[in-house]
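Data block below; observations after.
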Amino acid sequence: MKLAYFTLSAALLLAGCSQNPPATSTPTAAAPAATPVAADSVAATGGATTPDATATAPAPAAVAIPKDAETMKVSFSFKPTDNPDDPKHPRTMARLLVQGSTPLDIELGKFTTRPDMVNAAKGKEANFPADMVMGFRSYDPMSGISHDLAVLHPDARHLRVVQRTVDETNPEAGKFETSREVPLPVNANVVAGAMPQPTGAKKGAPHRK
């Protein structure tokens, strides 16, 4: 009886072993599969799985180009004019001429003598405004009085005319005061044009401060 039992147990054990695969054929744990990338995502990033920050940055807004400034030339005009008080000694009419899209012809007044142009060097010596575009001085030797005038360009929209009177007997020179403001087109660039030739230095000319 015992022999039959052991025989049956051995047969069952062999049958069970024949159903198990060999140890060498046991599959190992597979690595987790990579998450597939959607085709539209790949196309949107140009085939890269990580978007490029520089590629996705918004394009800068277009910079507005300012309108080109108009260059306007300014000059003086000096012409003799009648002097009712002394017909034998005519006075000089001074005018400011502006050349550009809107030409201007501005009367500056009548002067006893033809004015002398004041350049940068003479203007510095006589304390004319340092930022003047141009200027002149009319000196009356009979009275010893000079009438000074300078044209300034304080901003892109205006010309400023300033004047003063200088008495050679007074150690204190008069101060320049604004006599008029001349409107200009937007973004005007003012330059000095052709100027009347200076007549030479006189007593009390621009070297007098």
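Ordering of the structure tokens sets the chain letters (A, B, ...), residue numbers begin anew at 1 in every chain, and ligands are numbered from 1 in the order given.
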
**Item:** Spatial neighbours of Val161 in chain A, max dist 10 Å, only C-alpha atoms, sep filter under 2 positions, as a PyMOL selection string
**Value:** chain A and resi 96+108+132+135+149-153+158-159+163+176-182

Grab the residues selected above and save them as a compact mmCIF listing (two decimals), in the first residue's frame with all heavy atoms.
```
# COMPACT_ATOMS: atom_id res chain seq x y z
N LEU A 96 13.67 139.43 -41.11
CA LEU A 96 14.06 138.03 -40.92
C LEU A 96 13.37 137.20 -41.99
O LEU A 96 12.14 137.19 -42.08
CB LEU A 96 13.65 137.55 -39.52
CG LEU A 96 13.90 136.07 -39.22
CD1 LEU A 96 15.40 135.76 -39.25
CD2 LEU A 96 13.31 135.69 -37.86
N LEU A 108 11.75 143.29 -38.57
CA LEU A 108 12.40 143.36 -37.26
C LEU A 108 12.54 144.78 -36.74
O LEU A 108 12.82 144.99 -35.56
CB LEU A 108 13.79 142.71 -37.33
CG LEU A 108 13.82 141.23 -37.71
CD1 LEU A 108 15.26 140.75 -37.85
CD2 LEU A 108 13.06 140.39 -36.69
N MET A 132 22.43 131.10 -29.86
CA MET A 132 21.78 131.83 -30.94
C MET A 132 22.10 131.19 -32.30
O MET A 132 23.20 130.65 -32.51
CB MET A 132 22.21 133.30 -30.93
CG MET A 132 23.62 133.55 -31.41
SD MET A 132 23.99 135.34 -31.53
CE MET A 132 25.66 135.29 -32.21
N GLY A 135 22.89 136.63 -35.22
CA GLY A 135 22.57 137.88 -34.56
C GLY A 135 23.26 139.05 -35.25
O GLY A 135 24.10 138.88 -36.12
N LEU A 149 20.40 142.29 -31.60
CA LEU A 149 19.29 141.37 -31.88
C LEU A 149 19.87 139.98 -32.15
O LEU A 149 20.91 139.85 -32.81
CB LEU A 149 18.48 141.84 -33.07
CG LEU A 149 17.23 141.02 -33.45
CD1 LEU A 149 16.13 141.94 -33.98
CD2 LEU A 149 17.56 139.95 -34.49
N ALA A 150 19.21 138.97 -31.62
CA ALA A 150 19.63 137.58 -31.84
C ALA A 150 18.40 136.71 -32.11
O ALA A 150 17.31 136.96 -31.58
CB ALA A 150 20.40 137.04 -30.63
N VAL A 151 18.60 135.69 -32.94
CA VAL A 151 17.54 134.74 -33.26
C VAL A 151 17.89 133.40 -32.61
O VAL A 151 19.00 132.88 -32.81
CB VAL A 151 17.39 134.57 -34.79
CG1 VAL A 151 16.34 133.51 -35.11
CG2 VAL A 151 17.02 135.90 -35.43
N LEU A 152 16.97 132.87 -31.85
CA LEU A 152 17.16 131.60 -31.15
C LEU A 152 16.20 130.56 -31.71
O LEU A 152 15.16 130.89 -32.28
CB LEU A 152 16.94 131.76 -29.64
CG LEU A 152 17.62 132.94 -28.96
CD1 LEU A 152 17.25 132.96 -27.48
CD2 LEU A 152 19.12 132.88 -29.13
N HIS A 153 16.54 129.30 -31.49
CA HIS A 153 15.66 128.18 -31.86
C HIS A 153 15.46 127.33 -30.62
O HIS A 153 16.07 126.27 -30.45
CB HIS A 153 16.30 127.36 -32.99
CG HIS A 153 15.43 126.28 -33.53
ND1 HIS A 153 15.94 125.08 -33.99
CD2 HIS A 153 14.09 126.22 -33.69
CE1 HIS A 153 14.94 124.32 -34.40
NE2 HIS A 153 13.82 124.98 -34.22
N HIS A 158 9.39 126.65 -32.71
CA HIS A 158 9.42 128.11 -32.64
C HIS A 158 10.80 128.68 -32.95
O HIS A 158 11.82 128.03 -32.74
CB HIS A 158 9.01 128.60 -31.24
CG HIS A 158 7.62 128.26 -30.85
ND1 HIS A 158 7.30 127.09 -30.19
CD2 HIS A 158 6.45 128.94 -31.01
CE1 HIS A 158 6.00 127.06 -29.97
NE2 HIS A 158 5.47 128.17 -30.46
N LEU A 159 10.77 129.91 -33.44
CA LEU A 159 11.94 130.78 -33.44
C LEU A 159 11.66 131.87 -32.40
O LEU A 159 10.52 132.30 -32.23
CB LEU A 159 12.16 131.44 -34.80
CG LEU A 159 12.76 130.60 -35.93
CD1 LEU A 159 12.86 131.43 -37.20
CD2 LEU A 159 14.13 130.07 -35.54
N GLN A 163 16.07 140.97 -28.11
CA GLN A 163 16.74 142.23 -28.37
C GLN A 163 17.17 142.89 -27.06
O GLN A 163 16.61 142.60 -25.98
CB GLN A 163 15.81 143.18 -29.13
CG GLN A 163 15.48 142.73 -30.54
CD GLN A 163 14.53 143.68 -31.25
OE1 GLN A 163 13.32 143.52 -31.22
NE2 GLN A 163 15.09 144.71 -31.89
N PHE A 176 18.95 140.82 -22.70
CA PHE A 176 18.14 140.46 -23.85
C PHE A 176 16.72 140.11 -23.39
O PHE A 176 16.54 139.39 -22.40
CB PHE A 176 18.74 139.25 -24.58
CG PHE A 176 19.87 139.61 -25.51
CD1 PHE A 176 21.19 139.45 -25.12
CD2 PHE A 176 19.61 140.10 -26.79
CE1 PHE A 176 22.23 139.77 -25.98
CE2 PHE A 176 20.64 140.43 -27.66
CZ PHE A 176 21.95 140.26 -27.25
N GLU A 177 15.76 140.63 -24.11
CA GLU A 177 14.36 140.34 -23.82
C GLU A 177 13.67 139.85 -25.10
O GLU A 177 14.01 140.29 -26.21
CB GLU A 177 13.64 141.58 -23.29
CG GLU A 177 14.20 142.07 -21.95
CD GLU A 177 13.44 143.28 -21.42
OE1 GLU A 177 12.53 143.76 -22.14
OE2 GLU A 177 13.74 143.73 -20.30
N THR A 178 12.71 138.96 -24.93
CA THR A 178 12.00 138.40 -26.09
C THR A 178 11.10 139.46 -26.71
O THR A 178 10.30 140.10 -26.02
CB THR A 178 11.15 137.19 -25.67
OG1 THR A 178 12.01 136.18 -25.12
CG2 THR A 178 10.40 136.61 -26.86
N SER A 179 11.28 139.66 -28.02
CA SER A 179 10.43 140.62 -28.72
C SER A 179 9.32 139.92 -29.51
O SER A 179 8.28 140.51 -29.75
CB SER A 179 11.26 141.49 -29.67
OG SER A 179 11.91 140.70 -30.65
N ARG A 180 9.57 138.68 -29.89
CA ARG A 180 8.52 137.92 -30.58
C ARG A 180 8.87 136.44 -30.66
O ARG A 180 10.03 136.04 -30.56
CB ARG A 180 8.27 138.46 -31.99
CG ARG A 180 9.40 138.24 -32.98
CD ARG A 180 9.03 138.78 -34.36
NE ARG A 180 8.85 140.22 -34.31
CZ ARG A 180 8.16 140.92 -35.20
NH1 ARG A 180 7.57 140.31 -36.21
NH2 ARG A 180 8.07 142.23 -35.11
N GLU A 181 7.79 135.63 -30.83
CA GLU A 181 7.92 134.19 -31.05
C GLU A 181 7.34 133.90 -32.43
O GLU A 181 6.25 134.36 -32.76
CB GLU A 181 7.16 133.40 -29.99
CG GLU A 181 7.70 133.54 -28.57
CD GLU A 181 8.79 132.54 -28.26
OE1 GLU A 181 9.06 131.67 -29.13
OE2 GLU A 181 9.39 132.63 -27.17
N VAL A 182 8.07 133.12 -33.22
CA VAL A 182 7.65 132.80 -34.58
C VAL A 182 7.34 131.30 -34.66
O VAL A 182 8.25 130.48 -34.47
CB VAL A 182 8.73 133.17 -35.60
CG1 VAL A 182 8.26 132.85 -37.02
CG2 VAL A 182 9.12 134.64 -35.47
```

**Prompt:** Nearest to Leu97 in chain A: which of A:Val118, A:Met72, A:Val162, A:Ile145 is it, counting only C-alpha atoms?
**Reply:**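 Of A:Val118, A:Met72, A:Val162, A:Ile145, the one nearest Leu97 in chain A, counting only C-alpha atoms, is A:Met72.
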
**Asked** Hey, can you check how far CA of Tyr139 in chain A sits from CA of Phe78 in chain A?
**Response**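 Going from CA of Tyr139 in chain A over to CA of Phe78 in chain A, I get 14.5 Å.
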
**Asked** Hey, which of A:Gly174, A:Gly144, A:Pro87, A:Pro183 ends up closest to Ala126 in chain A? Count only C-alpha atoms.
**Response** A:Gly174

**Residue with smallest distance to Leu104 in chain A - pool A:Met134, A:Val191, A:Leu184, A:Ala69, counting only C-alpha atoms** =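 Distance minimum relative to Leu104 in chain A lands on A:Leu184.
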
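Picture a line from CA of Asn187 in chain A to CA of Met117 in chain A; it runs 27.2 Å.
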
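Proximity ranking of A:Val166, A:Ala173, A:Val190, A:Val74 relative to Ser138 in chain A places A:Val166 first, based on only C-alpha atoms.
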